[in-house]
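structure35.txt, holding compact mmCIF, C-alpha atoms and all ligand atoms:
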```
# COMPACT_ATOMS: atom_id res chain seq x y z
CA MET N 20 101.66 88.65 -43.10
CA THR N 21 103.44 91.29 -41.04
CA THR N 22 103.08 94.99 -41.68
CA SER N 23 105.91 97.33 -40.84
CA PRO N 24 104.92 100.07 -38.42
CA ALA N 25 104.18 103.55 -39.80
CA GLU N 26 106.77 106.07 -38.70
CA LEU N 27 104.89 108.89 -37.05
CA VAL N 28 105.84 112.53 -36.77
CA GLY N 29 104.75 114.49 -33.69
CA PHE N 30 103.31 117.99 -33.91
CA LEU N 31 104.24 118.94 -30.35
CA TYR N 32 103.13 121.73 -28.08
CA CYS N 33 104.92 122.57 -24.83
CA ASP N 34 102.25 123.59 -22.35
CA LEU N 35 102.20 125.95 -19.37
CA GLY N 36 103.78 123.36 -17.10
CA GLY N 37 106.47 122.43 -19.62
CA VAL N 38 104.64 119.19 -20.43
CA VAL N 39 104.91 118.28 -24.10
CA ARG N 40 101.64 117.17 -25.66
CA GLY N 41 100.69 116.74 -29.28
CA ARG N 42 99.24 114.87 -32.21
CA PHE N 43 100.94 112.39 -34.53
CA VAL N 44 100.75 111.86 -38.29
CA THR N 45 102.59 110.02 -41.05
CA GLU N 46 105.35 111.82 -42.96
CA ASP N 47 103.04 112.29 -45.95
CA GLU N 48 100.33 113.80 -43.82
CA ALA N 49 102.90 115.98 -42.03
CA ALA N 50 104.10 117.35 -45.35
CA ARG N 51 100.51 118.30 -46.23
CA ARG N 52 99.98 119.93 -42.82
CA MET N 53 103.03 122.18 -42.62
CA GLN N 54 100.97 125.29 -43.46
CA THR N 55 97.63 124.41 -41.95
CA GLY N 56 98.65 122.48 -38.83
CA LEU N 57 96.42 120.15 -36.84
CA GLY N 58 93.40 120.83 -34.68
CA TRP N 59 93.91 121.70 -31.02
CA VAL N 60 91.58 122.29 -28.10
CA PRO N 61 91.80 125.60 -26.16
CA ALA N 62 90.97 123.91 -22.83
CA ASN N 63 94.18 121.87 -23.20
CA GLN N 64 95.87 125.03 -21.99
CA ALA N 65 94.12 124.54 -18.66
CA LEU N 66 95.53 121.02 -18.20
CA THR N 67 97.63 120.75 -15.06
CA PRO N 68 100.76 118.58 -15.09
CA LEU N 69 98.68 116.13 -13.01
CA GLY N 70 96.43 115.61 -16.03
CA THR N 71 93.37 117.35 -14.56
CA ILE N 72 91.70 120.38 -16.12
CA ALA N 73 91.88 123.48 -13.93
CA GLU N 74 88.57 125.05 -13.01
CA PRO N 75 87.71 127.79 -13.50
CA ASN N 76 89.10 128.26 -16.97
CA ARG N 77 87.89 130.60 -19.66
CA PHE N 78 87.70 127.97 -22.40
CA GLY N 79 85.37 125.20 -21.25
CA PRO N 80 84.29 122.88 -24.06
CA LEU N 81 84.29 125.68 -26.64
CA GLY N 82 86.54 126.91 -29.40
CA ASP N 83 89.10 125.68 -31.89
CA LEU N 84 92.79 126.22 -32.41
CA ARG N 85 95.54 124.84 -34.64
CA ILE N 86 98.99 123.68 -33.67
CA LEU N 87 101.24 124.93 -36.43
CA PRO N 88 104.67 123.31 -36.87
CA ASP N 89 107.77 125.46 -37.15
CA ALA N 90 109.74 123.74 -39.93
CA ALA N 91 113.04 124.94 -38.41
CA THR N 92 112.44 122.84 -35.30
CA ARG N 93 112.35 119.45 -37.05
CA VAL N 94 113.92 116.75 -34.87
CA GLU N 95 114.82 113.31 -36.08
CA VAL N 96 116.52 110.76 -33.87
CA PRO N 97 116.96 107.65 -36.00
CA ASP N 98 117.13 104.74 -33.60
CA ALA N 99 115.43 105.14 -30.30
CA GLY N 100 114.59 101.54 -29.43
CA GLU N 101 111.31 99.71 -29.74
CA ALA N 102 109.26 102.88 -30.23
CA GLY N 103 111.08 103.53 -33.53
CA PRO N 104 112.61 106.81 -34.63
CA LEU N 105 111.72 109.92 -32.68
CA ARG N 106 110.48 112.56 -35.10
CA PHE N 107 108.74 115.79 -34.29
CA TYR N 108 108.21 119.49 -34.89
CA LEU N 109 107.58 122.05 -32.19
CA CYS N 110 104.43 124.06 -32.78
CA ASP N 111 102.86 127.41 -32.05
CA ALA N 112 99.20 127.51 -31.16
CA VAL N 113 97.30 129.75 -33.57
CA GLU N 114 93.71 130.80 -34.17
CA PRO N 115 91.81 129.00 -36.95
CA ASP N 116 92.61 131.92 -39.30
CA GLY N 117 96.34 131.48 -38.65
CA THR N 118 96.84 134.52 -36.43
CA PRO N 119 98.89 133.88 -33.26
CA TRP N 120 96.96 132.80 -30.16
CA ASP N 121 97.64 135.24 -27.33
CA CYS N 122 97.73 132.38 -24.81
CA CYS N 123 100.62 130.50 -26.46
CA PRO N 124 103.92 130.72 -24.50
CA ARG N 125 106.05 130.21 -27.62
CA VAL N 126 104.24 133.01 -29.46
CA TRP N 127 104.62 135.19 -26.33
CA LEU N 128 108.37 134.58 -26.00
CA GLN N 129 108.90 135.79 -29.57
CA THR N 130 107.12 139.06 -28.72
CA VAL N 131 109.37 139.43 -25.65
CA LEU N 132 112.53 138.81 -27.70
CA ASP N 133 111.41 141.38 -30.28
CA ARG N 134 110.74 143.95 -27.55
CA PHE N 135 114.08 143.23 -25.91
CA GLU N 136 115.95 143.77 -29.16
CA ARG N 137 113.98 146.91 -30.00
CA GLU N 138 114.72 148.50 -26.63
CA THR N 139 118.31 147.38 -26.02
CA GLY N 140 119.66 146.69 -29.51
CA ALA N 141 120.68 143.27 -28.23
CA ARG N 142 119.75 139.77 -29.29
CA VAL N 143 119.66 137.13 -26.60
CA VAL N 144 121.77 134.00 -26.66
CA ALA N 145 120.79 131.38 -24.09
CA ALA N 146 121.12 127.80 -22.93
CA PHE N 147 119.19 125.81 -20.33
CA GLU N 148 121.59 123.47 -18.53
CA HIS N 149 119.39 120.59 -17.46
CA GLU N 150 120.23 118.16 -14.67
CA PHE N 151 118.36 114.86 -14.52
CA GLN N 152 118.41 111.57 -12.67
CA LEU N 153 118.07 108.01 -13.89
CA ILE N 154 115.61 106.21 -11.66
CA SER N 155 117.51 103.31 -10.14
CA ALA N 156 117.27 100.96 -7.20
CA ALA N 157 121.05 100.39 -7.33
CA PRO N 158 123.26 102.14 -4.78
CA PRO N 159 124.62 105.31 -6.39
CA ALA N 160 128.19 105.56 -7.59
CA THR N 161 130.39 108.13 -5.91
CA PRO N 162 129.66 111.63 -7.35
CA PHE N 163 131.38 112.84 -10.53
CA SER N 164 133.09 109.45 -10.95
CA LEU N 165 134.17 107.52 -14.01
CA GLU N 166 132.42 104.54 -12.42
CA GLY N 167 129.17 106.52 -12.37
CA VAL N 168 129.36 107.01 -16.13
CA ARG N 169 130.72 103.62 -17.23
CA ARG N 170 128.17 101.60 -15.35
CA GLU N 171 125.39 103.27 -17.32
CA GLY N 172 126.63 101.25 -20.28
CA ALA N 173 125.44 102.54 -23.66
CA PHE N 174 123.44 105.43 -22.23
CA PRO N 175 126.06 108.26 -22.32
CA GLY N 176 127.19 107.47 -25.86
CA LEU N 177 123.71 106.84 -27.27
CA LEU N 178 122.42 110.01 -25.66
CA THR N 179 125.22 112.14 -27.06
CA ALA N 180 124.64 110.71 -30.55
CA ALA N 181 120.88 111.24 -30.25
CA LEU N 182 121.31 114.85 -29.14
CA GLN N 183 123.68 115.45 -32.05
CA ALA N 184 121.14 113.95 -34.45
CA ALA N 185 118.48 116.17 -32.92
CA GLY N 186 120.60 119.25 -33.62
CA ALA N 187 120.92 120.06 -29.91
CA GLU N 188 124.73 120.42 -30.07
CA PRO N 189 125.70 118.60 -26.86
CA GLU N 190 128.99 119.81 -25.38
CA THR N 191 129.72 117.56 -22.39
CA PHE N 192 128.28 114.53 -20.61
CA LEU N 193 128.93 114.62 -16.90
CA PRO N 194 128.01 112.72 -13.77
CA GLU N 195 126.64 115.14 -11.17
CA TYR N 196 126.60 115.22 -7.36
CA GLY N 197 123.17 113.62 -6.76
CA PRO N 198 122.44 109.87 -6.90
CA HIS N 199 122.32 108.73 -10.54
CA GLN N 200 122.32 112.40 -11.53
CA PHE N 201 123.74 113.62 -14.84
CA GLU N 202 123.97 116.75 -16.89
CA VAL N 203 124.43 117.29 -20.65
CA PRO N 204 125.20 120.95 -21.31
CA CYS N 205 124.41 121.86 -24.91
CA ARG N 206 125.57 124.86 -26.91
CA PRO N 207 123.67 128.10 -26.47
CA ALA N 208 121.28 129.21 -29.20
CA LEU N 209 119.57 132.42 -30.23
CA GLY N 210 116.35 133.46 -28.48
CA LEU N 211 113.45 131.20 -29.36
CA ALA N 212 115.78 128.37 -30.43
CA ALA N 213 117.24 128.29 -26.91
CA ALA N 214 113.84 127.53 -25.37
CA ASP N 215 113.11 125.05 -28.16
CA ARG N 216 116.41 123.33 -27.40
CA SER N 217 115.40 122.90 -23.75
CA VAL N 218 112.29 121.02 -24.89
CA VAL N 219 114.28 118.90 -27.35
CA VAL N 220 116.98 117.99 -24.82
CA LYS N 221 114.50 116.78 -22.20
CA GLU N 222 112.48 114.73 -24.68
CA VAL N 223 115.57 113.15 -26.25
CA VAL N 224 117.06 112.28 -22.84
CA ARG N 225 113.79 110.65 -21.78
CA ASP N 226 113.49 108.82 -25.08
CA VAL N 227 117.01 107.39 -25.04
CA ALA N 228 116.54 106.24 -21.44
CA ARG N 229 113.19 104.66 -22.35
CA GLY N 230 114.78 102.88 -25.29
CA LEU N 231 117.16 101.23 -22.79
CA GLY N 232 114.32 100.29 -20.45
CA ARG N 233 115.19 103.12 -18.04
CA ARG N 234 113.43 106.25 -16.89
CA ALA N 235 115.10 109.66 -16.77
CA THR N 236 113.47 112.29 -14.60
CA PHE N 237 113.99 116.04 -14.62
CA THR N 238 111.87 116.53 -11.52
CA PRO N 239 113.07 119.56 -9.54
CA LEU N 240 113.46 117.36 -6.45
CA LEU N 241 113.56 113.56 -6.39
CA ASP N 242 114.35 113.10 -2.71
CA PRO N 243 112.86 115.55 -0.17
CA ASP N 244 116.17 115.52 1.73
CA GLY N 245 118.45 115.58 -1.30
CA GLY N 246 119.66 118.12 -3.83
CA GLY N 247 117.63 119.10 -6.85
CA ASN N 248 117.67 118.99 -10.62
CA GLY N 249 118.22 122.53 -11.81
CA ALA N 250 117.86 123.97 -15.29
CA HIS N 251 120.28 126.84 -14.98
CA LEU N 252 119.67 129.47 -17.64
CA HIS N 253 122.86 130.86 -19.21
CA LEU N 254 122.40 134.23 -20.90
CA SER N 255 124.41 136.63 -23.00
CA PHE N 256 123.72 139.47 -25.40
CA LEU N 257 124.80 140.09 -28.99
CA GLY N 258 124.84 143.41 -30.81
CA PRO N 259 123.72 144.01 -34.42
CA ALA N 260 127.16 143.05 -35.78
CA ASP N 261 127.44 140.09 -33.39
CA GLU N 262 129.47 142.16 -30.90
CA ARG N 263 129.38 140.57 -27.48
CA LEU N 264 127.60 142.98 -25.17
CA THR N 265 127.74 141.13 -21.83
CA TYR N 266 131.40 141.60 -21.00
CA ASP N 267 133.35 144.63 -19.83
CA PRO N 268 136.70 143.89 -18.21
CA ALA N 269 136.41 147.12 -16.21
CA GLY N 270 132.79 146.57 -15.09
CA PRO N 271 131.83 145.15 -11.69
CA GLY N 272 131.89 141.36 -11.98
CA ARG N 273 133.28 141.83 -15.53
CA LEU N 274 129.79 142.79 -16.64
CA SER N 275 128.89 145.52 -19.12
CA GLU N 276 126.54 148.32 -18.10
CA LEU N 277 123.74 146.54 -19.99
CA ALA N 278 124.37 143.24 -18.21
CA GLY N 279 124.75 144.93 -14.80
CA SER N 280 121.41 146.73 -15.04
CA PHE N 281 119.84 143.58 -16.43
CA ALA N 282 121.11 141.60 -13.43
CA ALA N 283 119.69 144.18 -11.01
CA GLY N 284 116.28 143.98 -12.70
CA VAL N 285 116.27 140.19 -12.50
CA LEU N 286 117.01 140.23 -8.77
CA ARG N 287 114.41 142.92 -8.09
CA HIS N 288 111.59 140.98 -9.74
CA ALA N 289 112.71 137.44 -8.87
CA THR N 290 110.26 136.87 -6.03
CA ALA N 291 107.17 137.98 -7.91
CA MET N 292 108.04 136.06 -11.08
CA ALA N 293 109.07 132.87 -9.24
CA PRO N 294 106.04 130.80 -10.39
CA LEU N 295 107.22 131.28 -13.96
CA PHE N 296 110.65 129.71 -13.40
CA ALA N 297 110.02 127.44 -10.39
CA ALA N 298 106.61 126.18 -11.35
CA SER N 299 105.87 123.13 -9.20
CA PRO N 300 105.14 122.48 -5.53
CA VAL N 301 108.49 120.61 -5.27
CA SER N 302 110.48 123.45 -6.83
CA TYR N 303 110.88 125.50 -3.68
CA ALA N 304 112.71 122.99 -1.49
CA ARG N 305 115.53 123.21 -4.06
CA PHE N 306 116.28 126.71 -2.84
CA ALA N 307 117.08 125.60 0.72
CA PRO N 308 120.58 126.67 1.83
CA HIS N 309 123.48 124.44 0.79
CA HIS N 310 121.64 122.92 -2.18
CA TRP N 311 123.81 124.94 -4.58
CA ALA N 312 120.69 126.34 -6.20
CA ALA N 313 119.62 129.83 -5.10
CA SER N 314 119.48 130.40 -1.36
CA ALA N 315 120.30 134.12 -1.80
CA THR N 316 118.57 136.45 -4.25
CA ALA N 317 121.92 138.00 -5.07
CA LEU N 318 124.56 138.19 -7.78
CA GLY N 319 127.60 136.00 -7.26
CA GLY N 320 130.81 135.41 -9.12
CA GLY N 321 132.05 131.89 -8.46
CA ASN N 322 129.17 131.53 -5.98
CA ARG N 323 126.79 128.56 -6.47
CA GLU N 324 124.39 129.65 -3.72
CA THR N 325 123.24 132.82 -5.49
CA LEU N 326 120.23 133.08 -7.81
CA LEU N 327 122.35 134.82 -10.40
CA ARG N 328 126.06 134.52 -11.01
CA VAL N 329 128.83 135.27 -13.44
CA PRO N 330 130.51 131.89 -13.99
CA GLY N 331 134.27 132.00 -14.28
CA VAL N 332 135.76 131.70 -17.76
CA PHE N 333 139.21 130.47 -18.74
CA THR N 334 141.53 133.45 -18.96
CA GLY N 335 144.76 131.61 -19.79
CA ALA N 336 146.21 131.18 -23.27
CA GLY N 337 143.46 130.17 -25.70
CA GLY N 338 140.78 131.50 -23.33
CA ASP N 339 137.99 133.87 -24.33
CA PRO N 340 137.18 136.37 -21.57
CA ALA N 341 134.48 137.97 -23.75
CA SER N 342 132.47 134.77 -23.34
CA THR N 343 131.62 136.06 -19.84
CA HIS N 344 127.88 135.70 -19.30
CA LEU N 345 125.12 135.48 -16.68
CA GLU N 346 123.76 132.27 -15.17
CA PHE N 347 120.27 132.31 -13.63
CA ARG N 348 120.03 129.32 -11.29
CA GLY N 349 116.36 129.48 -10.29
CA THR N 350 114.85 127.60 -13.22
CA ASP N 351 113.80 123.97 -13.21
CA ALA N 352 112.12 121.64 -15.68
CA SER N 353 108.63 122.15 -14.26
CA ALA N 354 108.62 125.60 -15.87
CA SER N 355 107.79 126.25 -19.49
CA PRO N 356 111.17 127.31 -20.90
CA TYR N 357 109.31 129.90 -23.00
CA LEU N 358 107.72 131.50 -19.95
CA ALA N 359 110.87 131.23 -17.81
CA LEU N 360 113.13 132.80 -20.42
CA GLY N 361 110.57 135.49 -21.24
CA ALA N 362 110.09 136.39 -17.57
CA VAL N 363 113.83 136.63 -16.87
CA LEU N 364 114.27 138.84 -19.97
CA LEU N 365 111.43 141.15 -19.01
CA ALA N 366 112.74 141.45 -15.44
CA GLY N 367 116.17 142.31 -16.80
CA LEU N 368 114.66 144.75 -19.26
CA GLU N 369 112.96 146.62 -16.39
CA GLY N 370 116.41 147.02 -14.85
CA VAL N 371 117.87 148.28 -18.14
CA ARG N 372 115.03 150.76 -18.67
CA GLU N 373 115.52 152.16 -15.17
CA GLY N 374 119.30 152.18 -15.55
CA LEU N 375 119.68 150.27 -12.27
CA ALA N 376 123.15 150.10 -10.77
CA PRO N 377 124.80 146.68 -11.03
CA PRO N 378 124.25 144.53 -7.93
CA PRO N 379 127.22 144.04 -5.60
CA ILE N 380 128.96 140.71 -6.05
CA LEU N 381 128.44 138.29 -3.17
CA GLU N 382 131.59 136.25 -2.81
CA HIS N 383 130.65 134.56 0.51
CA ASP N 384 128.47 131.57 1.24
CA PRO N 385 125.21 133.35 2.17
CA GLY N 386 124.84 130.90 5.06
CA SER N 387 127.95 132.38 6.66
CA LEU N 388 126.50 135.92 6.80
CA ASP N 389 124.06 137.32 9.34
CA ALA N 390 120.81 138.84 8.09
CA SER N 391 122.03 142.44 8.06
CA ALA N 392 125.28 141.60 6.24
CA LEU N 393 123.29 139.63 3.66
CA ARG N 394 120.88 142.52 3.09
CA ALA N 395 123.74 144.54 1.61
CA TYR N 396 123.86 142.03 -1.26
CA ALA N 397 120.53 140.31 -1.52
CA GLN N 398 116.93 141.14 -2.35
CA ARG N 399 114.05 139.40 -0.56
CA PRO N 400 114.64 135.63 -0.48
CA LEU N 401 112.67 133.53 -2.94
CA PRO N 402 109.27 132.37 -1.65
CA LYS N 403 109.19 129.21 0.46
CA SER N 404 106.39 127.57 -1.52
CA LEU N 405 104.56 127.72 -4.83
CA SER N 406 101.53 129.02 -2.99
CA ALA N 407 103.50 131.96 -1.52
CA ALA N 408 105.10 132.57 -4.93
CA LEU N 409 101.66 132.77 -6.59
CA ASP N 410 100.52 135.24 -3.92
CA ALA N 411 103.60 137.37 -4.65
CA MET N 412 102.94 137.24 -8.38
CA GLU N 413 99.27 138.13 -8.04
CA GLY N 414 100.21 141.05 -5.81
CA ASP N 415 102.76 142.48 -8.23
CA PRO N 416 101.33 144.69 -10.99
CA VAL N 417 104.63 144.83 -12.90
CA VAL N 418 104.99 141.07 -13.29
CA ARG N 419 101.25 140.62 -13.89
CA GLY N 420 101.48 143.16 -16.69
CA TRP N 421 104.06 141.11 -18.58
CA LEU N 422 101.58 138.44 -19.64
CA PRO N 423 98.45 138.79 -21.79
CA GLU N 424 95.38 138.59 -19.56
CA ALA N 425 94.21 135.19 -20.83
CA LEU N 426 97.65 133.66 -20.33
CA LEU N 427 98.08 135.09 -16.83
CA GLU N 428 94.62 134.04 -15.70
CA THR N 429 95.02 130.51 -17.06
CA TYR N 430 98.51 130.14 -15.63
CA ILE N 431 97.40 131.08 -12.12
CA SER N 432 94.36 128.86 -12.36
CA VAL N 433 96.47 125.87 -13.49
CA LYS N 434 99.01 126.38 -10.72
CA ARG N 435 96.35 126.80 -8.01
CA ALA N 436 94.61 123.63 -9.25
CA GLU N 437 97.94 121.80 -9.17
CA LEU N 438 98.42 122.83 -5.55
CA GLU N 439 94.90 121.72 -4.67
CA GLY N 440 95.44 118.39 -6.44
CA THR N 441 98.60 117.67 -4.47
CA ARG N 442 97.60 119.08 -1.09
CA HIS N 443 97.05 115.60 0.40
CA LEU N 444 100.58 114.35 -0.46
CA ASP N 445 103.41 114.36 2.08
CA ALA N 446 106.89 115.43 0.96
CA ALA N 447 107.99 111.95 -0.15
CA ALA N 448 104.76 111.23 -2.04
CA LEU N 449 104.93 114.67 -3.68
CA CYS N 450 108.47 114.05 -4.91
CA ASP N 451 107.42 110.65 -6.18
CA ARG N 452 104.44 112.14 -8.05
CA TYR N 453 106.59 114.78 -9.75
CA SER N 454 109.24 112.25 -10.71
CA GLN N 455 106.52 110.49 -12.72
CA ILE N 456 105.52 113.72 -14.48
CA TYR N 457 108.90 115.24 -15.24
N1 LIG T 501 121.83 120.59 -8.44
C1 LIG T 501 121.95 122.01 -8.24
C2 LIG T 501 120.61 122.69 -8.54
O1 LIG T 501 119.61 122.17 -8.17
C3 LIG T 501 123.06 122.62 -9.07
C4 LIG T 501 124.43 122.07 -8.84
C5 LIG T 501 125.46 122.70 -9.78
O2 LIG T 501 125.59 122.18 -10.90
O3 LIG T 501 126.01 123.74 -9.46
O4 LIG T 501 120.52 123.73 -9.12
MG MG T 502 125.03 121.02 -12.45
```

How does the structure come out when it is put into structure tokens?
Amino acid sequence: MTTSPAELVGFLYCDLGGVVRGRFVTEDEAARRMQTGLGWVPANQALTPLGTIAEPNRFGPLGDLRILPDAATRVEVPDAGEAGPLRFYLCDAVEPDGTPWDCCPRVWLQTVLDRFERETGARVVAAFEHEFQLISAAPPATPFSLEGVRREGAFPGLLTAALQAAGAEPETFLPEYGPHQFEVPCRPALGLAAADRSVVVKEVVRDVARGLGRRATFTPLLDPDGGGNGAHLHLSFLGPADERLTYDPAGPGRLSELAGSFAAGVLRHATAMAPLFAASPVSYARFAPHHWAASATALGGGNRETLLRVPGVFTGAGGDPASTHLEFRGTDASASPYLALGAVLLAGLEGVREGLAPPPILEHDPGSLDASALRAYAQRPLPKSLSAALDAMEGDPVVRGWLPEALLETYISVKRAELEGTRHLDAAALCDRYSQIY
């Protein structure tokens, strides 16, 4: 007699390193658990992406938590190969009495979004634009080519259908510059849903690839000498009546006063908040000049070497200039999207509070400018390593003050343990290790 497999539903929790962990139940059990959640272990928060538990951590073997599903996040991808349908909810971590846990990044991001709206009157619309690579021994197709897409067979079409089923609203499938590198930009979403969508997109991409016997990696850097996989964060602001508050045709860079001050705040705090958006030891090589990531801590227009830019929009007939928005290019998939989005918003909010002047627009390749010419546009360059970034964060009272104490302490401890656990690896081995994790 054969039994058909139970179809399991994941209660998933995106941890400090953007790794998705969780527990799995049948649909019936899930329905019973929507209010009460499932048990969770506080020390899980101290897990590094390497799978080790960071010491010291304030939890040890003690305590209890729940992971509580958010019904609005339900994902269902019907046919994902041998593993069966992919079904899950994203969860908040809460105390056993149901109150929010102050160490949960998803809970924290909601508090940041509320503060942002209270202080600026604006709601945040955002999208993480993830690049990824299919691991392959085959020689790569020429970049951006039809050949590069068609030879992946069913993958592009199955992925697009799966992302649609998951509610992620995919817009485009495109071959990118790197070997076997692709990108699937999805529509922006409001606040918390934007960070949720980042989690969903990565998991669905990995799942569809797995279903075809492939592996997709979002590692920030697959080849120490190659370009990276970014997760550029696109941001705009909506007023109470859905007015678009990012655009002003007369403003510098076509940015409103709000967006200009926001941009200045982001650049000012970028160095000290770097561990929150570039969270792994391989993240920092991505920022090397000519990687089209973020070699200058400046605001650009069409510039793909600046940390922040205002991407061009179509201004011909049928175009929508008011869709002008900001693109933050520092983020990668080793960051928790909740922490990365929250940090960028708080940095921008500091700029808004202080009424900072909009940054000048850098329209040159930063590599073509000497240091003094660059200083007119750019803040301090991003740190050269995760270790230097953590030092900068620990030395910056403003950025430290953004996170609840338990979350900050655990984050730093996890990242320091991750550095210690990878210290023995050379650049190639490090890239290899991270391609297995992300
Ligand atoms: N791969 C580049 C990065 O690591 C981005 C290239 C582009 O799409 O502009 O951010
Ligand atoms: Mg790209």

Wanna dump the chain N-ligand MG 502 (chain T) contacts at 9 Å for me, each residue with its shortest atom pair and the distance in Å to one decimal, counting only C-alpha atoms and all ligand atoms, ordered by chain and number, as CSV?
```
residue,atom,partner,partner_atom,distance
N:Glu148,CA,T:MG502,MG,7.4
N:His149,CA,T:MG502,MG,7.6
N:Glu150,CA,T:MG502,MG,6.0
N:Leu193,CA,T:MG502,MG,8.7
N:Pro194,CA,T:MG502,MG,8.9
N:Glu195,CA,T:MG502,MG,6.2
N:Tyr196,CA,T:MG502,MG,7.9
N:Phe201,CA,T:MG502,MG,7.9
N:Glu202,CA,T:MG502,MG,6.3
N:Pro204,CA,T:MG502,MG,8.9
N:Asn248,CA,T:MG502,MG,7.9
N:Gly249,CA,T:MG502,MG,7.0
N:Ala250,CA,T:MG502,MG,8.3
N:His251,CA,T:MG502,MG,7.9
N:Trp311,CA,T:MG502,MG,8.9
```

Only C-alpha atoms, please: the residues just picked out, written as a PDB file, in the coordinates of the input.
```pdb
ATOM      1  CA  GLU N 148     121.590 123.470 -18.530  1.00  0.00           C
ATOM      2  CA  HIS N 149     119.390 120.590 -17.460  1.00  0.00           C
ATOM      3  CA  GLU N 150     120.230 118.160 -14.670  1.00  0.00           C
ATOM      4  CA  LEU N 193     128.930 114.620 -16.900  1.00  0.00           C
ATOM      5  CA  PRO N 194     128.010 112.720 -13.770  1.00  0.00           C
ATOM      6  CA  GLU N 195     126.640 115.140 -11.170  1.00  0.00           C
ATOM      7  CA  TYR N 196     126.600 115.220  -7.360  1.00  0.00           C
ATOM      8  CA  PHE N 201     123.740 113.620 -14.840  1.00  0.00           C
ATOM      9  CA  GLU N 202     123.970 116.750 -16.890  1.00  0.00           C
ATOM     10  CA  PRO N 204     125.200 120.950 -21.310  1.00  0.00           C
ATOM     11  CA  ASN N 248     117.670 118.990 -10.620  1.00  0.00           C
ATOM     12  CA  GLY N 249     118.220 122.530 -11.810  1.00  0.00           C
ATOM     13  CA  ALA N 250     117.860 123.970 -15.290  1.00  0.00           C
ATOM     14  CA  HIS N 251     120.280 126.840 -14.980  1.00  0.00           C
ATOM     15  CA  TRP N 311     123.810 124.940  -4.580  1.00  0.00           C
TER      16      TRP N 311
END
```

With only C-alpha atoms as the counted atoms, please give the residues lying no more than 8 Å from Pro80 in chain N, apart from itself and same-chain residues fewer than 2 positions off, as a count of residues only. 3

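Take CA of Met292 in chain N and CA of Trp127 in chain N: the distance between them is 15.7 Å.
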
Nearest to Pro402 in chain N: which of N:Ala212, N:Ala278, N:Ala307, N:Leu128 is it, counting only C-alpha atoms?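 The answer is N:Ala307, which sits nearest to Pro402 in chain N.
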
Point (117.8, 104.2, -29.8), cut-off 8 Å, counting all atoms listed in the file, residues as an MDAnalysis selection string: chainID N and resid 96:101 103:104 177 181 226:227 230:231

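If you look at CA of Val417 in chain N and CA of Phe296 in chain N, they are 16.3 Å away from each other.
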
CA of Arg419 in chain N and CA of Ala291 in chain N, how far apart in Å?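 Taking CA of Ala291 in chain N and CA of Arg419 in chain N, their separation equals 8.8 Å.
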
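Here the question is which of N:Asp339, N:Asp351, N:Glu369, N:Glu95 gets nearest to Ala313 in chain N using all atoms listed in the file, and that residue is N:Asp351.
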
So, counting all atoms listed in the file, which residue among N:Pro198, N:Pro124, N:Gly367, N:Pro259 is closest to Gly37 in chain N?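 Ranking N:Pro198, N:Pro124, N:Gly367, N:Pro259 by distance to Gly37 in chain N, first place goes to N:Pro124.
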
Just the residues within 8 Å of Leu211 in chain N, please, counting only C-alpha atoms, with nothing from its chain fewer than 3 positions along; format it as a VMD selection string. chain N and resid 125 128 to 129 132 214 to 215 357

So, with all atoms listed in the file as the atoms that count, which of N:His443, N:Lys403, N:Arg305, N:Arg372 lies closest to ligand LIG 501 (chain T)? N:Arg305

Is it possible to add N, CA, C and O atoms to range 43-49 of chain N and hand it back as a tab-separated table (two decimals), in the frame of the given file?
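Generated output (part.tsv):
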```
chain	number	residue	atom	x	y	z
N	43	PHE	N	99.93	113.14	-33.77
N	43	PHE	CA	100.94	112.39	-34.53
N	43	PHE	C	100.39	111.98	-35.88
N	43	PHE	O	99.25	111.52	-35.98
N	44	VAL	N	101.19	112.17	-36.93
N	44	VAL	CA	100.75	111.86	-38.29
N	44	VAL	C	101.88	111.18	-39.06
N	44	VAL	O	103.04	111.22	-38.63
N	45	THR	N	101.54	110.60	-40.19
N	45	THR	CA	102.59	110.02	-41.05
N	45	THR	C	103.38	111.16	-41.71
N	45	THR	O	102.92	112.31	-41.75
N	46	GLU	N	104.53	110.81	-42.27
N	46	GLU	CA	105.35	111.82	-42.96
N	46	GLU	C	104.56	112.51	-44.08
N	46	GLU	O	104.66	113.72	-44.26
N	47	ASP	N	103.80	111.71	-44.83
N	47	ASP	CA	103.04	112.29	-45.95
N	47	ASP	C	102.03	113.31	-45.44
N	47	ASP	O	101.89	114.39	-45.99
N	48	GLU	N	101.34	112.90	-44.38
N	48	GLU	CA	100.33	113.80	-43.82
N	48	GLU	C	101.01	115.05	-43.24
N	48	GLU	O	100.52	116.17	-43.40
N	49	ALA	N	102.17	114.83	-42.60
N	49	ALA	CA	102.90	115.98	-42.03
N	49	ALA	C	103.25	116.98	-43.12
N	49	ALA	O	103.08	118.19	-42.96
```
